[in-house]
$ cat my_file.pdb   # PDB, C-alpha atoms
ATOM      1  CA  MET A   1     -28.759  30.882   9.971  1.00  0.00           C
ATOM      2  CA  THR A   2     -28.340  31.838  13.635  1.00  0.00           C
ATOM      3  CA  ARG A   3     -25.107  31.589  15.531  1.00  0.00           C
ATOM      4  CA  ASP A   4     -26.472  28.518  17.335  1.00  0.00           C
ATOM      5  CA  GLU A   5     -27.131  26.900  13.946  1.00  0.00           C
ATOM      6  CA  GLU A   6     -23.671  27.479  12.517  1.00  0.00           C
ATOM      7  CA  VAL A   7     -22.079  24.321  11.197  1.00  0.00           C
ATOM      8  CA  VAL A   8     -18.907  23.467  13.032  1.00  0.00           C
ATOM      9  CA  ALA A   9     -16.317  21.772  10.835  1.00  0.00           C
ATOM     10  CA  PRO A  10     -14.943  18.531  12.266  1.00  0.00           C
ATOM     11  CA  PRO A  11     -11.400  18.742  13.592  1.00  0.00           C
ATOM     12  CA  VAL A  12      -8.726  17.795  11.098  1.00  0.00           C
ATOM     13  CA  PRO A  13      -7.051  14.564  12.239  1.00  0.00           C
ATOM     14  CA  TYR A  14      -3.476  15.043  13.392  1.00  0.00           C
ATOM     15  CA  ARG A  15      -0.731  14.077  10.996  1.00  0.00           C
ATOM     16  CA  PRO A  16       2.932  13.891  12.019  1.00  0.00           C
ATOM     17  CA  GLY A  17       5.061  16.584  10.403  1.00  0.00           C
ATOM     18  CA  TYR A  18       7.432  14.093   8.784  1.00  0.00           C
ATOM     19  CA  GLU A  19       4.468  12.382   7.098  1.00  0.00           C
ATOM     20  CA  VAL A  20       3.319  15.682   5.580  1.00  0.00           C
ATOM     21  CA  VAL A  21       6.860  16.449   4.397  1.00  0.00           C
ATOM     22  CA  ALA A  22       7.203  12.946   2.897  1.00  0.00           C
ATOM     23  CA  GLU A  23       4.036  13.583   0.896  1.00  0.00           C
ATOM     24  CA  GLN A  24       5.392  16.968  -0.227  1.00  0.00           C
ATOM     25  CA  ILE A  25       8.654  15.367  -1.373  1.00  0.00           C
ATOM     26  CA  LEU A  26       6.749  12.819  -3.472  1.00  0.00           C
ATOM     27  CA  ARG A  27       4.723  15.598  -5.061  1.00  0.00           C
ATOM     28  CA  LEU A  28       7.922  17.524  -5.782  1.00  0.00           C
ATOM     29  CA  ILE A  29       9.445  14.468  -7.493  1.00  0.00           C
ATOM     30  CA  ALA A  30       6.344  14.301  -9.712  1.00  0.00           C
ATOM     31  CA  GLU A  31       6.333  18.063 -10.418  1.00  0.00           C
ATOM     32  CA  LEU A  32      10.024  18.068 -11.359  1.00  0.00           C
ATOM     33  CA  GLU A  33       9.437  14.946 -13.490  1.00  0.00           C
ATOM     34  CA  LEU A  34      12.363  13.196 -11.837  1.00  0.00           C
ATOM     35  CA  ARG A  35      12.925   9.648 -13.019  1.00  0.00           C
ATOM     36  CA  PRO A  36      14.441   6.625 -11.256  1.00  0.00           C
ATOM     37  CA  GLY A  37      18.134   7.299 -10.674  1.00  0.00           C
ATOM     38  CA  ASP A  38      17.800  11.108 -10.916  1.00  0.00           C
ATOM     39  CA  ARG A  39      19.439  13.228  -8.247  1.00  0.00           C
ATOM     40  CA  MET A  40      17.084  15.122  -5.953  1.00  0.00           C
ATOM     41  CA  PRO A  41      17.488  18.496  -4.229  1.00  0.00           C
ATOM     42  CA  THR A  42      19.605  18.394  -1.064  1.00  0.00           C
ATOM     43  CA  GLU A  43      18.091  18.169   2.404  1.00  0.00           C
ATOM     44  CA  ASN A  44      18.783  21.889   2.882  1.00  0.00           C
ATOM     45  CA  GLU A  45      17.100  22.738  -0.416  1.00  0.00           C
ATOM     46  CA  LEU A  46      14.099  20.570   0.421  1.00  0.00           C
ATOM     47  CA  ALA A  47      13.786  22.199   3.843  1.00  0.00           C
ATOM     48  CA  ALA A  48      13.867  25.674   2.258  1.00  0.00           C
ATOM     49  CA  ARG A  49      11.304  24.750  -0.410  1.00  0.00           C
ATOM     50  CA  MET A  50       8.908  23.318   2.141  1.00  0.00           C
ATOM     51  CA  GLY A  51       9.425  25.822   4.920  1.00  0.00           C
ATOM     52  CA  THR A  52      10.475  23.240   7.444  1.00  0.00           C
ATOM     53  CA  SER A  53      13.582  22.091   9.289  1.00  0.00           C
ATOM     54  CA  ARG A  54      16.331  19.875   7.933  1.00  0.00           C
ATOM     55  CA  THR A  55      15.608  17.469  10.799  1.00  0.00           C
ATOM     56  CA  MET A  56      12.004  17.087   9.624  1.00  0.00           C
ATOM     57  CA  VAL A  57      13.201  16.497   6.044  1.00  0.00           C
ATOM     58  CA  ARG A  58      15.665  13.879   7.284  1.00  0.00           C
ATOM     59  CA  GLU A  59      12.874  11.997   9.085  1.00  0.00           C
ATOM     60  CA  ALA A  60      10.703  12.146   5.967  1.00  0.00           C
ATOM     61  CA  VAL A  61      13.597  10.822   3.859  1.00  0.00           C
ATOM     62  CA  LYS A  62      13.989   7.887   6.265  1.00  0.00           C
ATOM     63  CA  ILE A  63      10.354   6.950   5.672  1.00  0.00           C
ATOM     64  CA  LEU A  64      10.693   7.295   1.891  1.00  0.00           C
ATOM     65  CA  SER A  65      13.905   5.253   1.929  1.00  0.00           C
ATOM     66  CA  ALA A  66      12.229   2.508   3.971  1.00  0.00           C
ATOM     67  CA  ILE A  67       9.410   2.150   1.433  1.00  0.00           C
ATOM     68  CA  GLY A  68      11.751   2.250  -1.558  1.00  0.00           C
ATOM     69  CA  ARG A  69      10.974   5.653  -3.074  1.00  0.00           C
ATOM     70  CA  VAL A  70      14.231   7.469  -2.275  1.00  0.00           C
ATOM     71  CA  ARG A  71      17.858   6.405  -1.953  1.00  0.00           C
ATOM     72  CA  ALA A  72      20.273   8.327   0.287  1.00  0.00           C
ATOM     73  CA  HIS A  73      23.929   7.902  -0.725  1.00  0.00           C
ATOM     74  CA  LYS A  74      26.372   9.127   1.911  1.00  0.00           C
ATOM     75  CA  GLY A  75      28.444  11.970   0.545  1.00  0.00           C
ATOM     76  CA  ARG A  76      26.549  11.994  -2.761  1.00  0.00           C
ATOM     77  CA  GLY A  77      23.049  13.148  -1.848  1.00  0.00           C
ATOM     78  CA  LEU A  78      19.504  11.953  -2.446  1.00  0.00           C
ATOM     79  CA  TYR A  79      18.275  10.053  -5.496  1.00  0.00           C
ATOM     80  CA  VAL A  80      14.964   8.755  -6.770  1.00  0.00           C
ATOM     81  CA  SER A  81      15.012   4.993  -6.240  1.00  0.00           C
ATOM     82  CA  ASP A  82      16.291   3.130  -9.280  1.00  0.00           C
ATOM     83  CA  ASP A  83      15.484  -0.445  -8.238  1.00  0.00           C
ATOM     84  CA  GLU A  84      13.694  -1.508 -11.393  1.00  0.00           C
ATOM     85  CA  GLY A  85      12.489  -4.960 -10.419  1.00  0.00           C
ATOM     86  CA  MET A  86      11.198  -7.441 -12.965  1.00  0.00           C
ATOM     87  CA  LEU A  87       8.510  -5.160 -14.361  1.00  0.00           C
ATOM     88  CA  GLY A  88      10.154  -1.795 -13.676  1.00  0.00           C
ATOM     89  CA  GLY A  89       8.241  -1.267 -10.449  1.00  0.00           C
ATOM     90  CA  SER A  90      10.024   1.985  -9.669  1.00  0.00           C
ATOM     91  CA  ARG A  91       8.565   3.414 -12.873  1.00  0.00           C
ATOM     92  CA  TRP A  92       5.143   2.804 -11.369  1.00  0.00           C
ATOM     93  CA  GLY A  93       6.336   4.417  -8.139  1.00  0.00           C
ATOM     94  CA  ALA A  94       7.635   7.444 -10.020  1.00  0.00           C
ATOM     95  CA  PHE A  95       4.089   8.597 -10.755  1.00  0.00           C
ATOM     96  CA  PHE A  96       2.156   6.970  -7.884  1.00  0.00           C
ATOM     97  CA  LEU A  97       1.132   9.439  -5.162  1.00  0.00           C
ATOM     98  CA  PRO A  98       0.093   7.580  -1.985  1.00  0.00           C
ATOM     99  CA  THR A  99      -2.306  10.344  -0.932  1.00  0.00           C
ATOM    100  CA  ASP A 100      -4.002  10.819  -4.319  1.00  0.00           C
ATOM    101  CA  LEU A 101      -7.376   9.103  -3.983  1.00  0.00           C
ATOM    102  CA  ASP A 102      -7.672   8.514  -7.725  1.00  0.00           C
ATOM    103  CA  HIS A 103      -4.310   6.739  -7.656  1.00  0.00           C
ATOM    104  CA  VAL A 104      -5.368   4.622  -4.681  1.00  0.00           C
ATOM    105  CA  TYR A 105      -8.591   3.574  -6.395  1.00  0.00           C
ATOM    106  CA  MET A 106      -6.784   2.794  -9.660  1.00  0.00           C
ATOM    107  CA  LEU A 107      -4.277   0.709  -7.729  1.00  0.00           C
ATOM    108  CA  PHE A 108      -7.109  -1.333  -6.217  1.00  0.00           C
ATOM    109  CA  GLU A 109      -8.601  -1.867  -9.671  1.00  0.00           C
ATOM    110  CA  PHE A 110      -5.205  -3.103 -10.813  1.00  0.00           C
ATOM    111  CA  ARG A 111      -4.805  -5.368  -7.782  1.00  0.00           C
ATOM    112  CA  ARG A 112      -8.268  -6.855  -8.332  1.00  0.00           C
ATOM    113  CA  ILE A 113      -7.379  -7.827 -11.892  1.00  0.00           C
ATOM    114  CA  GLN A 114      -4.043  -9.316 -10.822  1.00  0.00           C
ATOM    115  CA  GLU A 115      -5.167 -11.216  -7.771  1.00  0.00           C
ATOM    116  CA  THR A 116      -8.363 -12.686  -9.163  1.00  0.00           C
ATOM    117  CA  ALA A 117      -6.277 -13.994 -12.071  1.00  0.00           C
ATOM    118  CA  ALA A 118      -3.574 -15.292  -9.722  1.00  0.00           C
ATOM    119  CA  SER A 119      -6.160 -17.063  -7.550  1.00  0.00           C
ATOM    120  CA  ARG A 120      -7.829 -18.613 -10.577  1.00  0.00           C
ATOM    121  CA  LEU A 121      -4.492 -19.972 -11.826  1.00  0.00           C
ATOM    122  CA  ALA A 122      -3.452 -21.099  -8.340  1.00  0.00           C
ATOM    123  CA  ALA A 123      -6.604 -23.228  -8.094  1.00  0.00           C
ATOM    124  CA  ALA A 124      -5.473 -25.053 -11.220  1.00  0.00           C
ATOM    125  CA  ASN A 125      -1.716 -25.171 -10.599  1.00  0.00           C
ATOM    126  CA  ALA A 126      -0.928 -25.146  -6.863  1.00  0.00           C
ATOM    127  CA  THR A 127       1.315 -27.932  -5.610  1.00  0.00           C
ATOM    128  CA  PRO A 128       0.842 -29.520  -2.165  1.00  0.00           C
ATOM    129  CA  ALA A 129       3.829 -27.547  -0.855  1.00  0.00           C
ATOM    130  CA  GLU A 130       2.395 -24.286  -2.183  1.00  0.00           C
ATOM    131  CA  LEU A 131      -0.987 -25.069  -0.607  1.00  0.00           C
ATOM    132  CA  ARG A 132       0.731 -25.622   2.748  1.00  0.00           C
ATOM    133  CA  ALA A 133       2.534 -22.291   2.422  1.00  0.00           C
ATOM    134  CA  ILE A 134      -0.712 -20.430   1.662  1.00  0.00           C
ATOM    135  CA  GLU A 135      -2.485 -22.142   4.576  1.00  0.00           C
ATOM    136  CA  ALA A 136       0.399 -21.330   6.946  1.00  0.00           C
ATOM    137  CA  ALA A 137       0.365 -17.656   5.890  1.00  0.00           C
ATOM    138  CA  ALA A 138      -3.389 -17.455   6.502  1.00  0.00           C
ATOM    139  CA  GLU A 139      -2.857 -18.946   9.962  1.00  0.00           C
ATOM    140  CA  THR A 140      -0.105 -16.392  10.688  1.00  0.00           C
ATOM    141  CA  CYS A 141      -2.570 -13.636   9.796  1.00  0.00           C
ATOM    142  CA  ARG A 142      -5.200 -15.114  12.080  1.00  0.00           C
ATOM    143  CA  HIS A 143      -2.775 -15.461  14.975  1.00  0.00           C
ATOM    144  CA  GLY A 144      -1.481 -11.913  14.479  1.00  0.00           C
ATOM    145  CA  HIS A 145      -5.013 -10.530  14.564  1.00  0.00           C
ATOM    146  CA  LEU A 146      -6.160 -12.511  17.596  1.00  0.00           C
ATOM    147  CA  SER A 147      -3.003 -11.689  19.569  1.00  0.00           C
ATOM    148  CA  GLY A 148      -2.954  -8.022  18.580  1.00  0.00           C
ATOM    149  CA  GLN A 149       0.443  -8.420  16.884  1.00  0.00           C
ATOM    150  CA  TYR A 150      -0.230  -6.229  13.865  1.00  0.00           C
ATOM    151  CA  SER A 151       3.243  -6.628  12.379  1.00  0.00           C
ATOM    152  CA  LEU A 152       2.679 -10.394  12.420  1.00  0.00           C
ATOM    153  CA  PHE A 153      -0.697  -9.933  10.708  1.00  0.00           C
ATOM    154  CA  ASP A 154       0.946  -7.778   8.026  1.00  0.00           C
ATOM    155  CA  ALA A 155       3.730 -10.315   7.490  1.00  0.00           C
ATOM    156  CA  GLY A 156       1.204 -13.128   7.130  1.00  0.00           C
ATOM    157  CA  ASP A 157      -0.879 -11.032   4.758  1.00  0.00           C
ATOM    158  CA  ASP A 158       2.130 -10.382   2.536  1.00  0.00           C
ATOM    159  CA  ASP A 159       3.057 -14.071   2.554  1.00  0.00           C
ATOM    160  CA  PHE A 160      -0.534 -15.100   1.798  1.00  0.00           C
ATOM    161  CA  HIS A 161      -0.871 -12.958  -1.311  1.00  0.00           C
ATOM    162  CA  ALA A 162       2.682 -13.695  -2.452  1.00  0.00           C
ATOM    163  CA  GLY A 163       2.034 -17.404  -1.935  1.00  0.00           C
ATOM    164  CA  ILE A 164      -1.040 -17.333  -4.153  1.00  0.00           C
ATOM    165  CA  ALA A 165       0.890 -15.465  -6.846  1.00  0.00           C
ATOM    166  CA  ALA A 166       3.681 -18.053  -6.643  1.00  0.00           C
ATOM    167  CA  ALA A 167       1.124 -20.875  -6.933  1.00  0.00           C
ATOM    168  CA  SER A 168      -0.173 -19.301 -10.158  1.00  0.00           C
ATOM    169  CA  HIS A 169       3.140 -20.399 -11.720  1.00  0.00           C
ATOM    170  CA  ASN A 170       3.235 -17.101 -13.650  1.00  0.00           C
ATOM    171  CA  GLN A 171       6.323 -15.054 -12.851  1.00  0.00           C
ATOM    172  CA  PHE A 172       4.838 -11.878 -14.338  1.00  0.00           C
ATOM    173  CA  LEU A 173       1.930 -12.118 -11.914  1.00  0.00           C
ATOM    174  CA  VAL A 174       4.355 -12.754  -9.054  1.00  0.00           C
ATOM    175  CA  ALA A 175       6.242  -9.527  -9.860  1.00  0.00           C
ATOM    176  CA  ALA A 176       3.081  -7.492 -10.476  1.00  0.00           C
ATOM    177  CA  VAL A 177       1.399  -8.581  -7.222  1.00  0.00           C
ATOM    178  CA  ARG A 178       4.557  -7.790  -5.269  1.00  0.00           C
ATOM    179  CA  GLU A 179       4.946  -4.297  -6.757  1.00  0.00           C
ATOM    180  CA  ALA A 180       1.271  -3.367  -6.405  1.00  0.00           C
ATOM    181  CA  ARG A 181       1.267  -4.394  -2.747  1.00  0.00           C
ATOM    182  CA  ARG A 182       4.431  -2.351  -2.205  1.00  0.00           C
ATOM    183  CA  LEU A 183       2.654   0.730  -3.529  1.00  0.00           C
ATOM    184  CA  GLN A 184      -0.407   0.036  -1.400  1.00  0.00           C
ATOM    185  CA  ARG A 185       1.839  -0.170   1.663  1.00  0.00           C
ATOM    186  CA  GLN A 186       3.147   3.300   0.812  1.00  0.00           C
ATOM    187  CA  SER A 187      -0.412   4.611   0.707  1.00  0.00           C
ATOM    188  CA  ASN A 188      -1.104   3.086   4.110  1.00  0.00           C
ATOM    189  CA  ILE A 189       2.074   4.456   5.718  1.00  0.00           C
ATOM    190  CA  ILE A 190       2.105   7.955   4.214  1.00  0.00           C
ATOM    191  CA  GLY A 191      -1.509   8.639   3.331  1.00  0.00           C
ATOM    192  CA  MET A 192      -3.243   6.861   6.205  1.00  0.00           C
ATOM    193  CA  SER A 193      -0.603   6.914   8.964  1.00  0.00           C
ATOM    194  CA  GLY A 194      -0.911   3.146   9.222  1.00  0.00           C
ATOM    195  CA  ALA A 195      -4.556   3.523  10.265  1.00  0.00           C
ATOM    196  CA  ILE A 196      -5.949   0.971   7.810  1.00  0.00           C
ATOM    197  CA  GLY A 197      -6.844  -2.302   9.452  1.00  0.00           C
ATOM    198  CA  GLY A 198     -10.469  -2.202  10.554  1.00  0.00           C
ATOM    199  CA  HIS A 199     -11.198  -4.990   8.098  1.00  0.00           C
ATOM    200  CA  ALA A 200      -8.688  -7.403   9.670  1.00  0.00           C
ATOM    201  CA  ALA A 201     -11.317  -9.695  11.220  1.00  0.00           C
ATOM    202  CA  GLY A 202     -13.191  -9.989   7.937  1.00  0.00           C
ATOM    203  CA  ALA A 203      -9.935 -10.528   6.072  1.00  0.00           C
ATOM    204  CA  ILE A 204      -9.274 -13.656   8.140  1.00  0.00           C
ATOM    205  CA  ASP A 205     -12.508 -15.252   6.921  1.00  0.00           C
ATOM    206  CA  GLU A 206     -11.900 -14.063   3.350  1.00  0.00           C
ATOM    207  CA  HIS A 207      -8.408 -15.559   3.338  1.00  0.00           C
ATOM    208  CA  ALA A 208      -9.912 -18.855   4.474  1.00  0.00           C
ATOM    209  CA  ALA A 209     -12.468 -18.767   1.639  1.00  0.00           C
ATOM    210  CA  ILE A 210      -9.757 -18.078  -0.943  1.00  0.00           C
ATOM    211  CA  TYR A 211      -7.579 -20.870   0.433  1.00  0.00           C
ATOM    212  CA  ARG A 212     -10.444 -23.401   0.426  1.00  0.00           C
ATOM    213  CA  ALA A 213     -11.319 -22.640  -3.194  1.00  0.00           C
ATOM    214  CA  ILE A 214      -7.688 -22.998  -4.279  1.00  0.00           C
ATOM    215  CA  ARG A 215      -7.303 -26.214  -2.258  1.00  0.00           C
ATOM    216  CA  ASP A 216     -10.492 -27.612  -3.797  1.00  0.00           C
ATOM    217  CA  GLY A 217      -9.267 -26.788  -7.312  1.00  0.00           C
ATOM    218  CA  ASP A 218     -12.209 -24.468  -8.069  1.00  0.00           C
ATOM    219  CA  PRO A 219     -10.877 -21.581 -10.233  1.00  0.00           C
ATOM    220  CA  ASP A 220     -14.187 -19.686 -10.425  1.00  0.00           C
ATOM    221  CA  ALA A 221     -14.730 -19.800  -6.665  1.00  0.00           C
ATOM    222  CA  ALA A 222     -11.124 -18.778  -6.026  1.00  0.00           C
ATOM    223  CA  ALA A 223     -11.381 -15.771  -8.355  1.00  0.00           C
ATOM    224  CA  HIS A 224     -14.714 -14.762  -6.807  1.00  0.00           C
ATOM    225  CA  ALA A 225     -13.368 -15.025  -3.254  1.00  0.00           C
ATOM    226  CA  ALA A 226     -10.296 -12.955  -4.171  1.00  0.00           C
ATOM    227  CA  GLY A 227     -12.515 -10.287  -5.729  1.00  0.00           C
ATOM    228  CA  VAL A 228     -14.675 -10.104  -2.594  1.00  0.00           C
ATOM    229  CA  HIS A 229     -11.551  -9.742  -0.463  1.00  0.00           C
ATOM    230  CA  LEU A 230     -10.153  -6.888  -2.575  1.00  0.00           C
ATOM    231  CA  ASP A 231     -13.528  -5.113  -2.682  1.00  0.00           C
ATOM    232  CA  ASN A 232     -13.853  -5.267   1.106  1.00  0.00           C
ATOM    233  CA  THR A 233     -10.278  -4.080   1.613  1.00  0.00           C
ATOM    234  CA  LEU A 234     -11.004  -1.091  -0.624  1.00  0.00           C
ATOM    235  CA  GLU A 235     -14.117  -0.366   1.434  1.00  0.00           C
ATOM    236  CA  ASP A 236     -11.856  -0.260   4.508  1.00  0.00           C
ATOM    237  CA  TYR A 237      -9.831   2.466   2.765  1.00  0.00           C
ATOM    238  CA  ARG A 238     -12.986   4.364   1.851  1.00  0.00           C
ATOM    239  CA  ARG A 239     -14.194   4.328   5.455  1.00  0.00           C
ATOM    240  CA  GLU A 240     -10.868   5.669   6.704  1.00  0.00           C
ATOM    241  CA  ILE A 241     -10.850   8.371   4.023  1.00  0.00           C
ATOM    242  CA  GLN A 242     -14.368   9.412   5.060  1.00  0.00           C
ATOM    243  CA  ARG A 243     -13.283   9.541   8.692  1.00  0.00           C
ATOM    244  CA  ARG A 244     -10.338  11.770   7.813  1.00  0.00           C
ATOM    245  CA  LEU A 245     -12.374  14.101   5.617  1.00  0.00           C
ATOM    246  CA  PHE A 246     -15.558  14.317   7.671  1.00  0.00           C
ATOM    247  CA  GLY A 247     -14.543  13.157  11.150  1.00  0.00           C
ATOM    248  CA  ARG A 248     -16.857  10.144  11.126  1.00  0.00           C
TER     249      ARG A 248
END
$ encode --input "my_file.pdb" --output "structure tokens"
Amino acid sequence: MTRDEEVVAPPVPYRPGYEVVAEQILRLIAELELRPGDRMPTENELAARMGTSRTMVREAVKILSAIGRVRAHKGRGLYVSDDEGMLGGSRWGAFFLPTDLDHVYMLFEFRRIQETAASRLAAANATPAELRAIEAAAETCRHGHLSGQYSLFDAGDDDFHAGIAAASHNQFLVAAVREARRLQRQSNIIGMSGAIGGHAAGAIDEHAAIYRAIRDGDPDAAAHAAGVHLDNTLEDYRREIQRRLFGR
């Protein structure tokens, strides 16, 4: 191979330092086998372990606190979040690594099982009020996308999926859908820097298809439409992962 033929590696996409440190802290929690409620190393100890500044650790802790993985108690230190939730969601979070691709793919498999089941049940059980709530959430998503208000899109998306779970009339599904989406949000924030979202336009149409099937009382169509939506959302993740790894 001549010099002119040398393969030039694509540039590594920039990641904020606090995002990298947040990922390192999560890996440390897993390595130390810390459980919900366990005390963590201090900010100074974390900074020394990771070769970074205390300021950078503090910013990373803010992110982890916001997504429910770490609790900072003034005067007492840092703790692994102990908010159990109905199904012990923090136990799931204790082993879930937002940047581990195997974990991300397993989470999508789990979500597909949950949300196809929730949609199927919603088609059989949804009340008129629940149908209106699902339709309103889908419209919020659409408006957020068309207006470029991504926080509004995200809020509508959360309400849409939570609304379908509620319409299933199964409280275990409600809790499971909520916790799985919380973990996916962590993957988006820490692993993808909030870059996921190229599928937003398609998601609007998919939401509409799910809503119509639930409204029409067609469980099979509702489950199928939910499965298509989850598969396409996963493909959005795969495209972003490919872009980060290969620059395209």
$ atom_distance --input "my_file.pdb" --atom1 "atom CA of A:Glu235" --atom2 "atom CA of A:Leu152"
22.4 Å
$ closest_residue --input "my_file.pdb" --among "A:Ala137, A:Ala117, A:Ala124, A:Val61" --to "A:Val177" --atoms "only C-alpha atoms"
A:Ala117
$ resolve_selection --input "my_file.pdb" --expression "the PyMOL selection byres ((chain A and resi 128-133) around 10)" --output "ChimeraX atom specification"
/A:122-123,125-127,134-139,159-160,162-164,166-168,211-212,214-215
$ residues_around --input "my_file.pdb" --residues "A:Glu59" --least-positions-apart "3" --cutoff "12 Å" --atoms "only C-alpha atoms" --output "JSON, numbers by chain"
{"A": [16, 17, 18, 19, 20, 21, 22, 25, 43, 47, 52, 53, 54, 55, 56, 62, 63, 64, 65, 66]}
$ closest_residue --input "my_file.pdb" --among "A:Glu45, A:Glu179, A:Asp158, A:Glu115" --to "A:Gly227" --atoms "all atoms listed in the file"
A:Glu115
$ atom_distance --input "my_file.pdb" --atom1 "atom CA of A:Arg185" --atom2 "atom CA of A:Gly75"
29.3 Å
$ resolve_selection --input "my_file.pdb" --expression "the PyMOL selection byres ((chain A and resi 221) around 10)" --output "VMD selection string"
chain A and resid 116 119 to 120 123 209 to 210 212 to 214 216 to 220 222 to 227
$ write_last_selection --input "my_file.pdb" --atoms "C-alpha atoms" --output "PDB file, keeping the file's coordinate frame"
ATOM      1  CA  THR A 116      -8.363 -12.686  -9.163  1.00  0.00           C
ATOM      2  CA  SER A 119      -6.160 -17.063  -7.550  1.00  0.00           C
ATOM      3  CA  ARG A 120      -7.829 -18.613 -10.577  1.00  0.00           C
ATOM      4  CA  ALA A 123      -6.604 -23.228  -8.094  1.00  0.00           C
ATOM      5  CA  ALA A 209     -12.468 -18.767   1.639  1.00  0.00           C
ATOM      6  CA  ILE A 210      -9.757 -18.078  -0.943  1.00  0.00           C
ATOM      7  CA  ARG A 212     -10.444 -23.401   0.426  1.00  0.00           C
ATOM      8  CA  ALA A 213     -11.319 -22.640  -3.194  1.00  0.00           C
ATOM      9  CA  ILE A 214      -7.688 -22.998  -4.279  1.00  0.00           C
ATOM     10  CA  ASP A 216     -10.492 -27.612  -3.797  1.00  0.00           C
ATOM     11  CA  GLY A 217      -9.267 -26.788  -7.312  1.00  0.00           C
ATOM     12  CA  ASP A 218     -12.209 -24.468  -8.069  1.00  0.00           C
ATOM     13  CA  PRO A 219     -10.877 -21.581 -10.233  1.00  0.00           C
ATOM     14  CA  ASP A 220     -14.187 -19.686 -10.425  1.00  0.00           C
ATOM     15  CA  ALA A 222     -11.124 -18.778  -6.026  1.00  0.00           C
ATOM     16  CA  ALA A 223     -11.381 -15.771  -8.355  1.00  0.00           C
ATOM     17  CA  HIS A 224     -14.714 -14.762  -6.807  1.00  0.00           C
ATOM     18  CA  ALA A 225     -13.368 -15.025  -3.254  1.00  0.00           C
ATOM     19  CA  ALA A 226     -10.296 -12.955  -4.171  1.00  0.00           C
ATOM     20  CA  GLY A 227     -12.515 -10.287  -5.729  1.00  0.00           C
TER      21      GLY A 227
END
$ residues_around --input "my_file.pdb" --residues "A:Val70" --least-positions-apart "4" --cutoff "12 Å" --atoms "all atoms listed in the file" --output "NGL selection string"
:A and (22 or 25-26 or 29 or 34-41 or 58 or 60-66 or 77-83 or 90 or 93-94)
$ write_last_selection --input "my_file.pdb" --atoms "C-alpha atoms" --output "compact mmCIF listing (two decimals), in the coordinates of the input"
# COMPACT_ATOMS: atom_id res chain seq x y z
CA ALA A 22 7.20 12.95 2.90
CA ILE A 25 8.65 15.37 -1.37
CA LEU A 26 6.75 12.82 -3.47
CA ILE A 29 9.44 14.47 -7.49
CA LEU A 34 12.36 13.20 -11.84
CA ARG A 35 12.92 9.65 -13.02
CA PRO A 36 14.44 6.62 -11.26
CA GLY A 37 18.13 7.30 -10.67
CA ASP A 38 17.80 11.11 -10.92
CA ARG A 39 19.44 13.23 -8.25
CA MET A 40 17.08 15.12 -5.95
CA PRO A 41 17.49 18.50 -4.23
CA ARG A 58 15.66 13.88 7.28
CA ALA A 60 10.70 12.15 5.97
CA VAL A 61 13.60 10.82 3.86
CA LYS A 62 13.99 7.89 6.26
CA ILE A 63 10.35 6.95 5.67
CA LEU A 64 10.69 7.30 1.89
CA SER A 65 13.90 5.25 1.93
CA ALA A 66 12.23 2.51 3.97
CA GLY A 77 23.05 13.15 -1.85
CA LEU A 78 19.50 11.95 -2.45
CA TYR A 79 18.27 10.05 -5.50
CA VAL A 80 14.96 8.76 -6.77
CA SER A 81 15.01 4.99 -6.24
CA ASP A 82 16.29 3.13 -9.28
CA ASP A 83 15.48 -0.44 -8.24
CA SER A 90 10.02 1.98 -9.67
CA GLY A 93 6.34 4.42 -8.14
CA ALA A 94 7.64 7.44 -10.02
$ closest_residue --input "my_file.pdb" --among "A:Ala208, A:Cys141, A:Leu173, A:Leu28" --to "A:Gln114" --atoms "all atoms listed in the file"
A:Leu173
$ atom_distance --input "my_file.pdb" --atom1 "atom CA of A:Ala165" --atom2 "atom CA of A:Leu121"
8.6 Å
$ closest_residue --input "my_file.pdb" --among "A:Glu23, A:Glu33, A:Glu109, A:Asp154" --to "A:Leu97" --atoms "all atoms listed in the file"
A:Glu23
$ closest_residue --input "my_file.pdb" --among "A:Arg49, A:Arg111, A:Ser147, A:Ala30" --to "A:Arg178" --atoms "all atoms listed in the file"
A:Arg111
$ closest_residue --input "my_file.pdb" --among "A:Arg142, A:Asn44, A:Ala203, A:Tyr150" --to "A:Leu234" --atoms "only C-alpha atoms"
A:Ala203
$ resolve_selection --input "my_file.pdb" --expression "the PyMOL selection byres ((chain A and resi 108) around 10)" --output "MDAnalysis selection string"
chainID A and resid 102:107 109:114 180:181 184 230:231 233:234
$ write_last_selection --input "my_file.pdb" --atoms "C-alpha atoms" --output "PDB file, in the frame of the given file"
ATOM      1  CA  ASP A 102      -7.672   8.514  -7.725  1.00  0.00           C
ATOM      2  CA  HIS A 103      -4.310   6.739  -7.656  1.00  0.00           C
ATOM      3  CA  VAL A 104      -5.368   4.622  -4.681  1.00  0.00           C
ATOM      4  CA  TYR A 105      -8.591   3.574  -6.395  1.00  0.00           C
ATOM      5  CA  MET A 106      -6.784   2.794  -9.660  1.00  0.00           C
ATOM      6  CA  LEU A 107      -4.277   0.709  -7.729  1.00  0.00           C
ATOM      7  CA  GLU A 109      -8.601  -1.867  -9.671  1.00  0.00           C
ATOM      8  CA  PHE A 110      -5.205  -3.103 -10.813  1.00  0.00           C
ATOM      9  CA  ARG A 111      -4.805  -5.368  -7.782  1.00  0.00           C
ATOM     10  CA  ARG A 112      -8.268  -6.855  -8.332  1.00  0.00           C
ATOM     11  CA  ILE A 113      -7.379  -7.827 -11.892  1.00  0.00           C
ATOM     12  CA  GLN A 114      -4.043  -9.316 -10.822  1.00  0.00           C
ATOM     13  CA  ALA A 180       1.271  -3.367  -6.405  1.00  0.00           C
ATOM     14  CA  ARG A 181       1.267  -4.394  -2.747  1.00  0.00           C
ATOM     15  CA  GLN A 184      -0.407   0.036  -1.400  1.00  0.00           C
ATOM     16  CA  LEU A 230     -10.153  -6.888  -2.575  1.00  0.00           C
ATOM     17  CA  ASP A 231     -13.528  -5.113  -2.682  1.00  0.00           C
ATOM     18  CA  THR A 233     -10.278  -4.080   1.613  1.00  0.00           C
ATOM     19  CA  LEU A 234     -11.004  -1.091  -0.624  1.00  0.00           C
TER      20      LEU A 234
END
